[in-house]
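This is input-v4.cif. It holds mmCIF, C-alpha atoms and all ligand atoms.
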```cif
data_model
loop_
_atom_site.label_atom_id
_atom_site.label_comp_id
_atom_site.auth_asym_id
_atom_site.auth_seq_id
_atom_site.Cartn_x
_atom_site.Cartn_y
_atom_site.Cartn_z
CA MET E 243 0.00 0.00 0.00
CA ARG E 244 2.79 2.38 0.76
CA GLU E 245 4.41 1.90 -2.56
CA GLY E 246 3.01 4.44 -4.87
CA ILE E 247 2.02 6.86 -2.17
CA ILE E 248 4.05 9.69 -3.54
CA VAL E 249 2.86 9.17 -7.05
CA VAL E 250 -0.69 8.98 -5.79
CA LEU E 251 -0.27 12.25 -3.95
CA VAL E 252 1.54 13.83 -6.81
CA LEU E 253 -0.84 12.65 -9.44
CA ALA E 254 -3.79 13.72 -7.36
CA GLY E 255 -2.62 17.28 -7.73
CA LEU E 256 -1.35 16.93 -11.18
CA TRP E 257 -3.16 14.93 -13.67
CA LEU E 258 -6.00 17.28 -13.66
CA VAL E 259 -8.69 15.95 -15.84
CA MET E 260 -11.26 17.71 -17.84
CA PRO E 261 -14.67 16.12 -17.52
CA PRO E 262 -17.30 16.98 -20.06
CA ARG E 263 -19.79 19.47 -18.83
CA SER E 264 -23.35 20.38 -19.36
CA LYS E 265 -23.78 22.54 -22.40
CA ASP E 266 -24.90 25.54 -20.50
CA THR E 267 -22.55 25.46 -17.59
CA GLY E 268 -19.07 25.80 -18.90
CA ASP E 269 -16.34 24.08 -17.17
CA VAL E 270 -14.14 21.47 -15.75
CA ALA E 271 -12.64 20.43 -12.50
CA VAL E 272 -9.77 19.08 -10.63
CA ALA E 273 -9.75 15.35 -10.13
CA PRO E 274 -10.42 14.17 -6.62
CA ALA E 275 -7.69 12.06 -5.12
CA PRO E 276 -7.61 8.63 -6.69
CA GLU E 277 -8.00 5.51 -4.59
CA PRO E 278 -4.78 4.86 -2.73
CA ALA E 279 -4.05 1.80 -4.79
CA GLY E 280 -2.06 3.61 -7.33
CA ASP E 281 0.40 0.96 -8.36
CA ALA E 282 -1.02 1.09 -11.83
CA SER E 283 0.17 4.66 -12.07
CA SER E 284 3.51 3.71 -10.67
CA PRO E 285 4.74 0.59 -12.37
CA GLN E 286 7.99 0.62 -10.48
CA GLY E 287 6.55 1.74 -7.19
CA VAL E 288 7.65 4.95 -5.65
CA LEU E 289 9.37 4.07 -2.49
CA ALA E 290 11.90 1.36 -2.88
CA PRO E 291 11.45 -1.61 -0.57
CA GLN E 292 12.72 -0.76 2.83
CA GLU E 293 15.64 -3.20 2.75
CA GLU E 294 16.95 -1.74 -0.44
CA TRP E 295 16.87 1.78 0.94
CA MET E 296 18.55 0.73 4.12
CA VAL E 297 21.39 -0.73 2.08
CA ILE E 298 21.67 2.42 0.00
CA ALA E 299 21.76 4.48 3.14
CA GLY E 300 24.50 2.29 4.57
CA VAL E 301 22.52 1.58 7.70
CA THR E 302 21.61 -2.05 7.39
CA GLY E 303 20.75 -3.58 10.72
CA GLN E 304 24.09 -5.32 11.02
CA GLU E 305 26.14 -2.22 10.37
CA ALA E 306 24.08 -0.22 12.76
CA VAL E 307 24.73 -2.68 15.52
CA ALA E 308 28.39 -2.87 14.59
CA THR E 309 28.82 0.90 14.87
CA GLY E 310 26.77 1.19 18.00
CA ALA E 311 24.27 3.34 16.10
CA ALA E 312 21.37 0.98 16.49
CA ALA E 313 19.42 3.32 18.72
CA ASP E 314 19.80 6.22 16.24
CA ALA E 315 18.82 4.04 13.32
CA ALA E 316 15.75 2.83 15.17
CA ALA E 317 14.74 6.38 16.05
CA ALA E 318 15.24 7.51 12.46
CA SER E 319 13.24 4.59 11.18
CA GLU E 320 10.45 5.32 13.61
CA ALA E 321 10.36 8.98 12.56
CA TYR E 322 10.27 7.87 8.95
CA SER E 323 7.31 5.57 9.57
CA ARG E 324 5.43 8.29 11.42
CA GLY E 325 6.12 10.66 8.54
CA ILE E 326 4.85 8.27 5.90
CA THR E 327 1.72 7.54 7.94
CA ALA E 328 1.05 11.27 8.26
CA LEU E 329 1.71 11.77 4.55
CA GLU E 330 -0.75 9.05 3.66
CA SER E 331 -3.34 10.76 5.83
CA GLU E 332 -2.51 14.07 4.17
CA ARG E 333 -1.37 15.63 7.45
CA PHE E 334 1.37 17.40 5.61
CA SER E 335 2.88 19.64 8.29
CA GLU E 336 3.16 16.73 10.69
CA ALA E 337 4.60 14.55 7.91
CA ALA E 338 7.20 17.21 7.15
CA SER E 339 8.35 17.39 10.78
CA SER E 340 8.73 13.64 11.14
CA LEU E 341 10.41 13.18 7.78
CA GLU E 342 12.75 16.08 8.51
CA ALA E 343 13.72 14.34 11.76
CA ALA E 344 14.25 11.07 9.89
CA ARG E 345 16.40 12.75 7.25
CA ASN E 346 18.45 14.59 9.84
CA ALA E 347 19.03 11.28 11.58
CA GLY E 348 20.41 9.90 8.33
CA ASP E 349 17.43 8.04 6.90
CA ARG E 350 17.73 8.73 3.20
CA ARG E 351 14.41 7.12 2.45
CA ALA E 352 12.94 10.33 3.80
CA LEU E 353 14.39 12.62 1.12
CA VAL E 354 11.68 12.47 -1.53
CA PRO E 355 8.67 12.06 0.80
CA LEU E 356 9.97 15.04 2.76
CA ALA E 357 9.93 17.20 -0.36
CA VAL E 358 6.37 16.03 -1.10
CA ALA E 359 5.24 16.85 2.43
CA LEU E 360 6.81 20.31 2.32
CA TRP E 361 5.31 21.02 -1.08
CA LYS E 362 1.85 19.90 0.02
CA ALA E 363 2.21 21.89 3.25
CA GLU E 364 2.91 24.91 1.03
CA ARG E 365 6.39 25.37 2.47
CA LEU E 366 7.61 25.89 -1.04
CA ARG E 367 11.05 27.32 -0.40
CA ASP E 368 11.87 24.41 1.90
CA ALA E 369 10.42 22.01 -0.65
CA VAL E 370 12.75 23.37 -3.33
CA ASN E 371 15.75 22.89 -1.05
CA ALA E 372 14.64 19.39 -0.06
CA ILE E 373 14.12 18.19 -3.60
CA ARG E 374 17.39 19.71 -4.77
CA ASN E 375 19.18 17.84 -1.99
CA ALA E 376 17.39 14.68 -3.05
CA ALA E 377 18.51 15.24 -6.64
CA VAL E 378 22.14 15.48 -5.53
CA GLU E 379 21.92 12.32 -3.47
CA GLN E 380 19.66 10.25 -5.68
CA PRO E 381 19.95 11.48 -9.26
CA GLU E 382 18.87 8.12 -10.64
CA ASN E 383 15.61 8.02 -8.68
CA PRO E 384 12.78 8.91 -11.11
CA ASP E 385 10.55 10.09 -8.26
CA VAL E 386 13.05 12.83 -7.49
CA TRP E 387 12.43 14.31 -10.94
CA LEU E 388 8.69 13.79 -10.82
CA VAL E 389 8.47 15.72 -7.57
CA MET E 390 11.08 18.25 -8.75
CA GLY E 391 8.79 19.13 -11.67
CA GLU E 392 5.81 19.63 -9.38
CA VAL E 393 7.67 21.73 -6.88
CA MET E 394 9.22 23.89 -9.58
CA GLU E 395 5.88 24.44 -11.21
CA ALA E 396 4.41 25.36 -7.83
CA VAL E 397 7.02 28.08 -7.37
CA GLY E 398 6.39 29.32 -10.89
CA ASP E 399 9.62 28.13 -12.49
CA LEU E 400 8.06 26.41 -15.48
CA GLN E 401 11.32 26.00 -17.35
CA ALA E 402 12.88 24.12 -14.43
CA ALA E 403 9.72 22.00 -14.21
CA VAL E 404 9.93 21.09 -17.90
CA ASP E 405 13.63 20.27 -17.53
CA ALA E 406 12.87 17.95 -14.62
CA TRP E 407 10.09 16.16 -16.50
CA GLU E 408 12.28 15.85 -19.60
CA HIS E 409 14.91 14.17 -17.44
CA LEU E 410 12.29 11.97 -15.81
CA ARG E 411 11.18 10.87 -19.26
CA THR E 412 14.65 9.46 -19.92
CA LEU E 413 14.52 7.49 -16.66
CA ARG E 414 10.89 6.36 -16.77
CA PRO E 415 8.88 7.01 -19.92
CA ASP E 416 5.23 7.80 -19.30
CA SER E 417 2.84 9.01 -21.95
CA ARG E 418 0.98 11.19 -19.44
CA LEU E 419 4.21 13.06 -18.91
CA ASP E 420 4.34 13.91 -22.60
CA GLU E 421 1.00 15.68 -22.28
CA ARG E 422 2.21 17.53 -19.20
CA ILE E 423 5.36 18.69 -20.95
CA ARG E 424 3.42 19.71 -24.02
CA ARG E 425 1.12 21.90 -21.98
CA ALA E 426 3.93 23.41 -19.91
CA ARG E 427 5.84 24.28 -23.08
CA ALA E 428 2.74 25.98 -24.41
CA ASP E 429 2.49 27.93 -21.14
CA LEU E 430 6.13 28.97 -21.40
CA LYS E 431 5.40 30.39 -24.81
CA VAL E 432 2.37 32.18 -23.39
CA ARG E 433 4.49 33.76 -20.68
CA ASP E 434 7.28 34.80 -23.02
CA ARG E 435 5.32 36.12 -25.94
CA TRP E 436 1.76 36.90 -24.97
CA ARG E 437 0.49 40.13 -23.63
CA SER E 438 -0.66 40.23 -20.06
CA GLN E 439 -2.63 42.32 -17.64
CA VAL E 440 -2.10 42.07 -13.94
CA SER E 441 -4.30 42.98 -11.01
CA ARG E 442 -3.72 42.52 -7.33
CA ASN E 443 -4.59 38.82 -7.28
CA PHE E 444 -4.59 37.67 -10.89
CA SER E 445 -2.52 37.68 -14.04
CA VAL E 446 -4.36 37.34 -17.32
CA PHE E 447 -2.40 36.32 -20.40
CA PHE E 448 -3.94 36.69 -23.82
CA GLU E 449 -3.08 35.90 -27.40
CA GLY E 450 -2.61 38.49 -30.10
CA PRO E 451 -6.10 38.29 -31.59
CA VAL E 452 -7.79 38.59 -28.20
CA ALA E 453 -8.78 42.18 -27.50
CA SER E 454 -7.25 43.77 -24.44
CA GLN E 455 -10.77 44.85 -23.44
CA VAL E 456 -11.70 41.17 -23.07
CA ALA E 457 -8.65 40.63 -20.86
CA HIS E 458 -9.66 43.62 -18.80
CA THR E 459 -13.22 42.28 -18.35
CA THR E 460 -11.82 38.89 -17.31
CA LEU E 461 -9.50 40.44 -14.75
CA ASP E 462 -12.36 42.46 -13.38
CA ALA E 463 -14.63 39.39 -13.24
CA LEU E 464 -11.99 37.35 -11.44
CA GLU E 465 -11.43 40.05 -8.83
CA ASP E 466 -15.21 40.27 -8.29
CA ALA E 467 -15.42 36.48 -8.06
CA ARG E 468 -12.63 36.45 -5.48
CA ARG E 469 -14.54 38.95 -3.37
CA ASP E 470 -17.96 37.31 -3.75
CA VAL E 471 -16.89 33.69 -3.49
CA GLY E 472 -14.55 34.65 -0.67
CA GLY E 473 -17.58 36.03 1.14
CA VAL E 474 -19.23 32.61 0.96
CA LEU E 475 -16.22 30.39 1.59
CA HIS E 476 -14.44 32.83 3.91
CA TYR E 477 -11.34 31.96 2.00
CA TYR E 478 -9.00 33.93 -0.23
CA PRO E 479 -6.15 32.12 -2.01
CA GLY E 480 -2.80 33.37 -0.78
CA ARG E 481 -1.05 33.17 -4.11
CA PRO E 482 -1.87 34.96 -7.37
CA ILE E 483 -3.85 32.92 -9.88
CA GLU E 484 -3.08 32.90 -13.57
CA ALA E 485 -5.70 32.91 -16.29
CA VAL E 486 -5.05 32.36 -19.97
CA LEU E 487 -7.40 33.59 -22.68
CA TYR E 488 -7.28 31.72 -25.96
CA THR E 489 -8.97 32.08 -29.27
CA ARG E 490 -11.48 29.25 -29.52
CA GLU E 491 -9.25 27.36 -31.90
CA SER E 492 -6.14 27.39 -29.73
CA PHE E 493 -8.19 26.71 -26.57
CA PHE E 494 -9.20 23.33 -27.94
CA ASP E 495 -5.70 22.75 -29.32
CA VAL E 496 -4.07 23.37 -25.97
CA THR E 497 -6.60 21.89 -23.56
CA ARG E 498 -7.94 19.11 -25.80
CA SER E 499 -11.18 19.49 -23.93
CA PRO E 500 -14.57 18.46 -25.30
CA ALA E 501 -16.07 20.64 -28.00
CA TRP E 502 -18.78 21.93 -25.66
CA SER E 503 -16.36 23.00 -22.93
CA GLY E 504 -16.60 26.65 -21.95
CA GLY E 505 -13.53 26.79 -19.75
CA VAL E 506 -11.02 24.73 -17.82
CA PHE E 507 -9.24 24.90 -14.51
CA ASP E 508 -6.15 22.72 -14.33
CA GLY E 509 -4.02 24.86 -12.06
CA ARG E 510 -4.62 27.82 -14.37
CA VAL E 511 -7.95 29.19 -15.47
CA ARG E 512 -8.16 28.71 -19.24
CA LEU E 513 -10.96 30.29 -21.20
CA PRO E 514 -11.87 30.41 -24.89
CA VAL E 515 -12.93 33.88 -25.97
CA SER E 516 -13.70 35.76 -29.14
CA GLY E 517 -14.61 39.28 -30.12
CA ALA E 518 -18.24 38.20 -29.90
CA THR E 519 -17.96 36.87 -26.34
CA ASP E 520 -20.76 38.32 -24.28
CA PRO E 521 -19.28 40.08 -21.21
CA GLY E 522 -21.97 38.56 -18.97
CA GLU E 523 -21.14 35.06 -20.17
CA LEU E 524 -17.44 35.75 -19.72
CA ARG E 525 -18.07 36.82 -16.14
CA ARG E 526 -20.15 33.71 -15.50
CA VAL E 527 -17.51 31.29 -16.81
CA ALA E 528 -14.69 33.20 -15.08
CA THR E 529 -16.59 32.97 -11.78
CA HIS E 530 -17.28 29.27 -12.28
CA GLU E 531 -13.62 28.49 -12.92
CA TYR E 532 -12.54 30.71 -10.05
CA VAL E 533 -14.64 28.60 -7.67
CA HIS E 534 -12.66 25.56 -8.79
CA ALA E 535 -9.41 27.47 -8.29
CA ALA E 536 -10.42 28.60 -4.80
CA LEU E 537 -11.62 25.14 -3.72
CA HIS E 538 -8.46 23.58 -5.07
CA SER E 539 -6.32 26.10 -3.23
CA MET E 540 -8.38 25.64 -0.07
CA ALA E 541 -8.67 21.88 0.04
CA GLY E 542 -6.34 20.35 -2.53
CA ASP E 543 -7.72 17.20 -4.01
CA THR E 544 -10.02 16.24 -1.17
CA ILE E 545 -13.19 17.65 -2.70
CA PRO E 546 -15.52 15.26 -4.55
CA THR E 547 -16.51 16.32 -8.04
CA TRP E 548 -20.18 16.86 -7.16
CA LEU E 549 -19.13 19.39 -4.54
CA HIS E 550 -16.73 21.15 -6.91
CA GLU E 551 -19.25 21.42 -9.70
CA GLY E 552 -22.26 22.01 -7.46
CA MET E 553 -20.54 24.92 -5.77
CA ALA E 554 -19.19 26.34 -9.02
CA MET E 555 -22.65 26.27 -10.59
CA ASN E 556 -24.39 27.73 -7.56
CA LEU E 557 -21.87 30.51 -7.10
CA GLU E 558 -21.77 31.53 -10.76
CA ALA E 559 -22.97 35.04 -11.37
CA ASP E 560 -26.69 35.21 -12.24
CA GLU E 561 -26.96 31.47 -12.42
CA PRO E 562 -29.98 30.22 -14.37
CA SER E 563 -29.22 26.52 -13.85
CA TYR E 564 -32.12 25.60 -11.60
CA ALA E 565 -34.79 25.41 -14.30
CA TRP E 566 -32.43 23.47 -16.55
CA ALA E 567 -31.49 20.98 -13.83
CA ARG E 568 -35.05 20.62 -12.64
CA SER E 569 -36.48 19.79 -16.03
CA LEU E 570 -33.66 17.35 -16.79
CA LEU E 571 -33.93 15.50 -13.47
CA MET E 572 -37.73 15.40 -13.42
CA ASP E 573 -37.78 13.88 -16.89
CA SER E 574 -38.88 10.25 -16.49
CA GLU E 575 -36.27 9.18 -19.04
CA THR E 576 -33.38 10.49 -16.92
CA VAL E 577 -31.42 7.92 -14.94
CA PRO E 578 -29.67 9.50 -11.94
CA LEU E 579 -26.08 8.56 -11.16
CA SER E 580 -24.94 7.07 -7.88
CA LEU E 581 -23.29 9.34 -5.34
CA GLU E 582 -20.13 7.33 -5.71
CA LYS E 583 -20.01 8.12 -9.42
CA LEU E 584 -20.70 11.78 -8.71
CA GLY E 585 -17.60 11.86 -6.53
CA TRP E 586 -15.29 10.91 -9.37
CA PRO E 587 -14.26 13.01 -12.34
CA PHE E 588 -17.04 13.26 -14.87
CA LEU E 589 -14.52 12.53 -17.59
CA ALA E 590 -15.51 8.91 -17.89
CA LEU E 591 -19.14 9.81 -18.54
CA ASP E 592 -20.64 10.34 -21.93
CA GLU E 593 -22.21 13.70 -22.66
CA GLU E 594 -25.71 12.67 -21.65
CA GLN E 595 -24.57 11.21 -18.33
CA ALA E 596 -22.34 14.21 -17.74
CA ASN E 597 -25.33 16.51 -18.08
CA VAL E 598 -27.18 14.46 -15.47
CA ALA E 599 -24.10 14.51 -13.21
CA TYR E 600 -23.87 18.30 -13.40
CA ALA E 601 -27.60 18.66 -12.77
CA GLN E 602 -27.50 16.37 -9.72
CA SER E 603 -24.43 18.17 -8.37
CA PHE E 604 -26.16 21.49 -8.81
CA VAL E 605 -29.43 20.55 -7.10
CA LEU E 606 -27.69 18.77 -4.22
CA VAL E 607 -25.54 21.78 -3.37
CA ASN E 608 -28.46 24.12 -4.03
CA SER E 609 -30.54 22.19 -1.53
CA LEU E 610 -27.73 22.24 1.05
CA LEU E 611 -27.34 25.98 0.63
CA THR E 612 -31.09 26.54 0.89
CA ARG E 613 -31.59 24.36 3.95
CA PHE E 614 -28.40 24.95 5.88
CA GLY E 615 -26.74 28.06 4.47
CA HIS E 616 -23.20 28.52 3.30
CA TYR E 617 -21.57 28.20 6.71
CA LYS E 618 -22.11 24.48 6.84
CA LEU E 619 -20.89 24.08 3.30
CA ARG E 620 -17.74 25.88 4.30
CA ASP E 621 -17.43 23.58 7.31
CA LEU E 622 -17.73 20.62 4.97
CA VAL E 623 -14.93 21.91 2.73
CA ASN E 624 -12.75 22.64 5.75
CA GLY E 625 -13.54 19.24 7.24
CA LEU E 626 -12.46 17.53 4.05
CA ALA E 627 -9.43 19.77 3.56
CA THR E 628 -7.60 18.34 6.55
CA GLY E 629 -7.60 15.02 4.74
CA ASP E 630 -7.90 13.14 8.03
CA GLN E 631 -11.32 11.68 7.45
CA PRO E 632 -13.30 10.42 4.50
CA LEU E 633 -16.42 12.13 3.24
CA ALA E 634 -18.58 9.37 4.73
CA ASP E 635 -17.42 10.44 8.21
CA VAL E 636 -17.16 14.19 7.73
CA TYR E 637 -20.50 14.66 6.01
CA PRO E 638 -22.91 13.31 8.67
CA ARG E 639 -20.97 15.05 11.41
CA ILE E 640 -21.74 18.38 9.77
CA TYR E 641 -25.19 17.80 8.30
CA ARG E 642 -26.59 15.32 10.84
CA GLU E 643 -27.81 13.11 8.03
CA THR E 644 -26.19 10.92 5.43
CA LEU E 645 -25.25 12.16 2.00
CA GLU E 646 -27.77 9.71 0.53
CA ARG E 647 -30.53 11.28 2.61
CA SER E 648 -29.48 14.78 1.53
CA MET E 649 -29.67 13.74 -2.10
CA GLU E 650 -33.16 12.31 -1.56
CA ARG E 651 -34.23 15.59 -0.04
CA ALA E 652 -32.68 17.56 -2.90
CA MET E 653 -34.67 15.52 -5.39
CA ALA E 654 -37.82 15.97 -3.33
CA ASP E 655 -37.19 19.73 -3.28
CA LEU E 656 -37.37 19.72 -7.06
CA ARG E 657 -40.98 18.60 -6.92
CA THR E 658 -42.05 21.31 -4.53
CA ARG E 659 -39.92 24.25 -5.63
CA GLU E 660 -40.23 26.05 -8.92
CA GLU E 661 -36.98 27.91 -8.57
CA SER E 662 -33.71 27.96 -6.72
CA GLY E 663 -34.22 28.56 -3.00
CA TRP E 664 -30.76 29.96 -2.52
CA ARG E 665 -29.71 33.50 -3.27
CA ARG E 666 -26.25 34.79 -2.80
CA SER E 667 -26.67 37.89 -0.78
ZN ZN P 1 -16.85 23.19 -13.29
#
```
The structure given in the file should be rewritten as structure tokens.
Ligand SMILES: [Zn+2]
Amino acid sequence: MREGIIVVLVLAGLWLVMPPRSKDTGDVAVAPAPEPAGDASSPQGVLAPQEEWMVIAGVTGQEAVATGAAADAAAASEAYSRGITALESERFSEAASSLEAARNAGDRRALVPLAVALWKAERLRDAVNAIRNAAVEQPENPDVWLVMGEVMEAVGDLQAAVDAWEHLRTLRPDSRLDERIRRARADLKVRDRWRSQVSRNFSVFFEGPVASQVAHTTLDALEDARRDVGGVLHYYPGRPIEAVLYTRESFFDVTRSPAWSGGVFDGRVRLPVSGATDPGELRRVATHEYVHAALHSMAGDTIPTWLHEGMAMNLEADEPSYAWARSLLMDSETVPLSLEKLGWPFLALDEEQANVAYAQSFVLVNSLLTRFGHYKLRDLVNGLATGDQPLADVYPRIYRETLERSMERAMADLRTREESGWRRS
């Protein structure tokens, strides 16, 4: 189970997928964390078997005894185990402390997991130092370069990220990496050659044909979204967020998202625009994608897709989704999806199922907002963000009923209510 943990954590933040979306919503989301059985994504495992690492570190049991360092080795090993356990439970600060102790006591197994913990705990400068140390000590370890790429991207050094992934590709080819590199290279070009406008909390990059007025409207919409959504979530991302405006053609080239997609969040907000883009629609899509950005910043990959999409749709400016969702879900032909399916990326669904998934997500969150207000929703996000407990435990603690029961109520609401009961004040 422990093998693959780093890749699982890394991939959870990285391989952001782009589910199809309902035609009138515009979007995409971040993938929730995959099941912690990620060996498939890590054919060689991530952490070498313990024995192997002990040999590499020169602290096999026999040597330790021989040098009288057995007690130190045992303490280091214990700290390492505590660190890995904390990392698996996504208690990143705690993981970082334990793994730091293990590393300082000479346990080299801790090098890469320590960098992951620091990165996930948002101690980015320390993460850079940790992964650079790991690269010096273990240049042949592919995981060093995988994590190096993530950390460098997190600190905004895209070129260093691409270099790390290129090197990783020589050590451990992976077709998903090719896609990552392709997109990062495109982003490098955007940064070097495209025009940009910057506000306090956002940078908007835009291609030549995109009018600077459109960029200005987007920037304005994102700042408004930050204020309004922040008022609901009581959360404001600490780091600036980048948005990229593409012509429609290059949007689909770069993101390879479905033809009906109106925007993407994959760490950056990416929007297709044209001269004919209606400013109101632009504001709506920008707000929707900002919600994904804020939730991702707030709670990493702990948020199920229904919550991501339900919140994004409910917090969109002037959202008209209720009538659409209501008529779709009350149609006798419509087959609702299970809550389990709604928790996973909608990518695997066909367009018809995706529409149902978005509608269910919308009405569930709408019902929660109407019945309990946004404070409890915020509690739910915060409860999940710690990563300590699964949704099945966190949810009933906050709502005093099961998620299944809430969904039943949401569906019942549809029969008695003609319009959305929740208004953002
Ligand atoms: Zn979305």
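Picture a line from atom CA of E:Asp314 to atom CA of E:Arg345; it runs 11.6 Å.
Minimum atom-to-atom distances from E:Asn346, E:Phe493, E:Gly398, E:Arg333 to E:Ala318 were compared using only C-alpha atoms, and the lowest value belongs to E:Asn346.
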Find the spatial neighbours of stretch 381-387 of chain E, counting all atoms listed in the file, within a cut-off of 7 Å - ignore same-chain residues fewer than 2 positions away - and output them as a count of residues only. 16
Computed gap from atom CA of E:Ala596 to atom CA of E:Arg657 is 22.0 Å
One number please: atom CA of E:Ala485 to atom CA of E:Val446, in Å, one decimal. 4.7 Å
Shell around E:Gly348 at 9 Å using all atoms listed in the file, local window under 3 positions removed, as a PyMOL selection string: chain E and resi 299+301+314-315+318+343-345+351-352
Ref. answer, residues at most 7 Å from (-13.1, 37.7, -19.8) with all atoms listed in the file, as a list in words: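 Within 7 Å of (-13.1, 37.7, -19.8), the protein and nucleic acid residues are Val456, Ala457, His458, Thr459, Thr460, Leu461, Ala463, Pro521, Leu524, Arg525 and Ala528 of chain E.
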My list of candidates is E:Arg568, E:Arg526, E:His550, E:Lys583. Which is closest to E:Ala652 when distances are computed with only C-alpha atoms? E:Arg568
Would you please work out which residue, of E:Asp470, E:Glu408, E:Glu421, E:Asp508, is nearest to ligand ZN 1 (chain P) when using all atoms listed in the file? E:Asp508
Show me the residues around (11.1, 9.2, 7.8) - criterion: an atom at most 12 Å away, only C-alpha atoms counted - as a PyMOL selection string. chain E and resi 289+292+295-296+315-329+336-357+359
Write out, as a short mmCIF file (atom, residue, chain, number, x, y, z; two decimals), in the coordinates of the input, the residues just selected, with C-alpha atoms.
```
data_model
loop_
_atom_site.label_atom_id
_atom_site.label_comp_id
_atom_site.auth_asym_id
_atom_site.auth_seq_id
_atom_site.Cartn_x
_atom_site.Cartn_y
_atom_site.Cartn_z
CA LEU E 289 9.37 4.07 -2.49
CA GLN E 292 12.72 -0.76 2.83
CA TRP E 295 16.87 1.78 0.94
CA MET E 296 18.55 0.73 4.12
CA ALA E 315 18.82 4.04 13.32
CA ALA E 316 15.75 2.83 15.17
CA ALA E 317 14.74 6.38 16.05
CA ALA E 318 15.24 7.51 12.46
CA SER E 319 13.24 4.59 11.18
CA GLU E 320 10.45 5.32 13.61
CA ALA E 321 10.36 8.98 12.56
CA TYR E 322 10.27 7.87 8.95
CA SER E 323 7.31 5.57 9.57
CA ARG E 324 5.43 8.29 11.42
CA GLY E 325 6.12 10.66 8.54
CA ILE E 326 4.85 8.27 5.90
CA THR E 327 1.72 7.54 7.94
CA ALA E 328 1.05 11.27 8.26
CA LEU E 329 1.71 11.77 4.55
CA GLU E 336 3.16 16.73 10.69
CA ALA E 337 4.60 14.55 7.91
CA ALA E 338 7.20 17.21 7.15
CA SER E 339 8.35 17.39 10.78
CA SER E 340 8.73 13.64 11.14
CA LEU E 341 10.41 13.18 7.78
CA GLU E 342 12.75 16.08 8.51
CA ALA E 343 13.72 14.34 11.76
CA ALA E 344 14.25 11.07 9.89
CA ARG E 345 16.40 12.75 7.25
CA ASN E 346 18.45 14.59 9.84
CA ALA E 347 19.03 11.28 11.58
CA GLY E 348 20.41 9.90 8.33
CA ASP E 349 17.43 8.04 6.90
CA ARG E 350 17.73 8.73 3.20
CA ARG E 351 14.41 7.12 2.45
CA ALA E 352 12.94 10.33 3.80
CA LEU E 353 14.39 12.62 1.12
CA VAL E 354 11.68 12.47 -1.53
CA PRO E 355 8.67 12.06 0.80
CA LEU E 356 9.97 15.04 2.76
CA ALA E 357 9.93 17.20 -0.36
CA ALA E 359 5.24 16.85 2.43
#
```
I'd like the neighbourhood of E:Tyr600 as a PyMOL selection string, where a residue qualifies if any of its atoms comes within 9 Å (using only C-alpha atoms), though same-chain residues fewer than 3 positions away should be ignored. chain E and resi 263-264+267+548+551-552+555+567+584+588+595-597+603-605
Quick one: residues within 9 Å of E:Val598, only C-alpha atoms counted, chain neighbours fewer than 5 positions away excluded, as a PyMOL selection string? chain E and resi 264+567+570-571+576-579+593+603
Skip E:Asn443 itself and residues of its chain fewer than 4 positions away, then list as a list in words all residues within 9 Å of it, counting all atoms listed in the file. Leu464, Glu465, Arg468, Pro479, Gly480, Arg481, Pro482, Ile483 and Glu484 of chain E
Residue selection dump (C-alpha atoms) as a short mmCIF file (atom, residue, chain, number, x, y, z; two decimals), in the frame of the given file:
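New file selection.cif:
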```
data_model
loop_
_atom_site.label_atom_id
_atom_site.label_comp_id
_atom_site.auth_asym_id
_atom_site.auth_seq_id
_atom_site.Cartn_x
_atom_site.Cartn_y
_atom_site.Cartn_z
CA LEU E 464 -11.99 37.35 -11.44
CA GLU E 465 -11.43 40.05 -8.83
CA ARG E 468 -12.63 36.45 -5.48
CA PRO E 479 -6.15 32.12 -2.01
CA GLY E 480 -2.80 33.37 -0.78
CA ARG E 481 -1.05 33.17 -4.11
CA PRO E 482 -1.87 34.96 -7.37
CA ILE E 483 -3.85 32.92 -9.88
CA GLU E 484 -3.08 32.90 -13.57
#
```
Given all atoms listed in the file as the basis, pick out the residue of E:Phe448, E:Trp361, E:Tyr478, E:Tyr532 nearest to ligand ZN 1 (chain P). E:Tyr532
Pick from E:Leu388, E:Leu419, E:Ala535, E:Ala554: nearest to ligand ZN 1 (chain P), with all atoms listed in the file counted? E:Ala554
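Shortest separation to E:His534 among E:Val404, E:Gly629, E:Met553, E:Gly522 occurs at residue E:Met553, atoms counted being all atoms listed in the file.
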Would you mind putting back N, CA and C atoms on stretch 436-440 of chain E, then writing it out as a PDB file, in the coordinates of the input?
```
ATOM      1  N   TRP E 436       3.113  36.337 -24.977  1.00  0.00           N
ATOM      2  CA  TRP E 436       1.760  36.900 -24.970  1.00  0.00           C
ATOM      3  C   TRP E 436       1.712  38.182 -24.155  1.00  0.00           C
ATOM      4  N   ARG E 437       0.701  38.938 -24.444  1.00  0.00           N
ATOM      5  CA  ARG E 437       0.490  40.130 -23.630  1.00  0.00           C
ATOM      6  C   ARG E 437      -0.131  39.715 -22.304  1.00  0.00           C
ATOM      7  N   SER E 438      -0.041  40.577 -21.337  1.00  0.00           N
ATOM      8  CA  SER E 438      -0.660  40.230 -20.060  1.00  0.00           C
ATOM      9  C   SER E 438      -1.185  41.487 -19.378  1.00  0.00           C
ATOM     10  N   GLN E 439      -2.155  41.271 -18.529  1.00  0.00           N
ATOM     11  CA  GLN E 439      -2.630  42.320 -17.640  1.00  0.00           C
ATOM     12  C   GLN E 439      -2.628  41.747 -16.233  1.00  0.00           C
ATOM     13  N   VAL E 440      -2.255  42.564 -15.304  1.00  0.00           N
ATOM     14  CA  VAL E 440      -2.100  42.070 -13.940  1.00  0.00           C
ATOM     15  C   VAL E 440      -2.926  42.920 -12.992  1.00  0.00           C
TER      16      VAL E 440
END
```
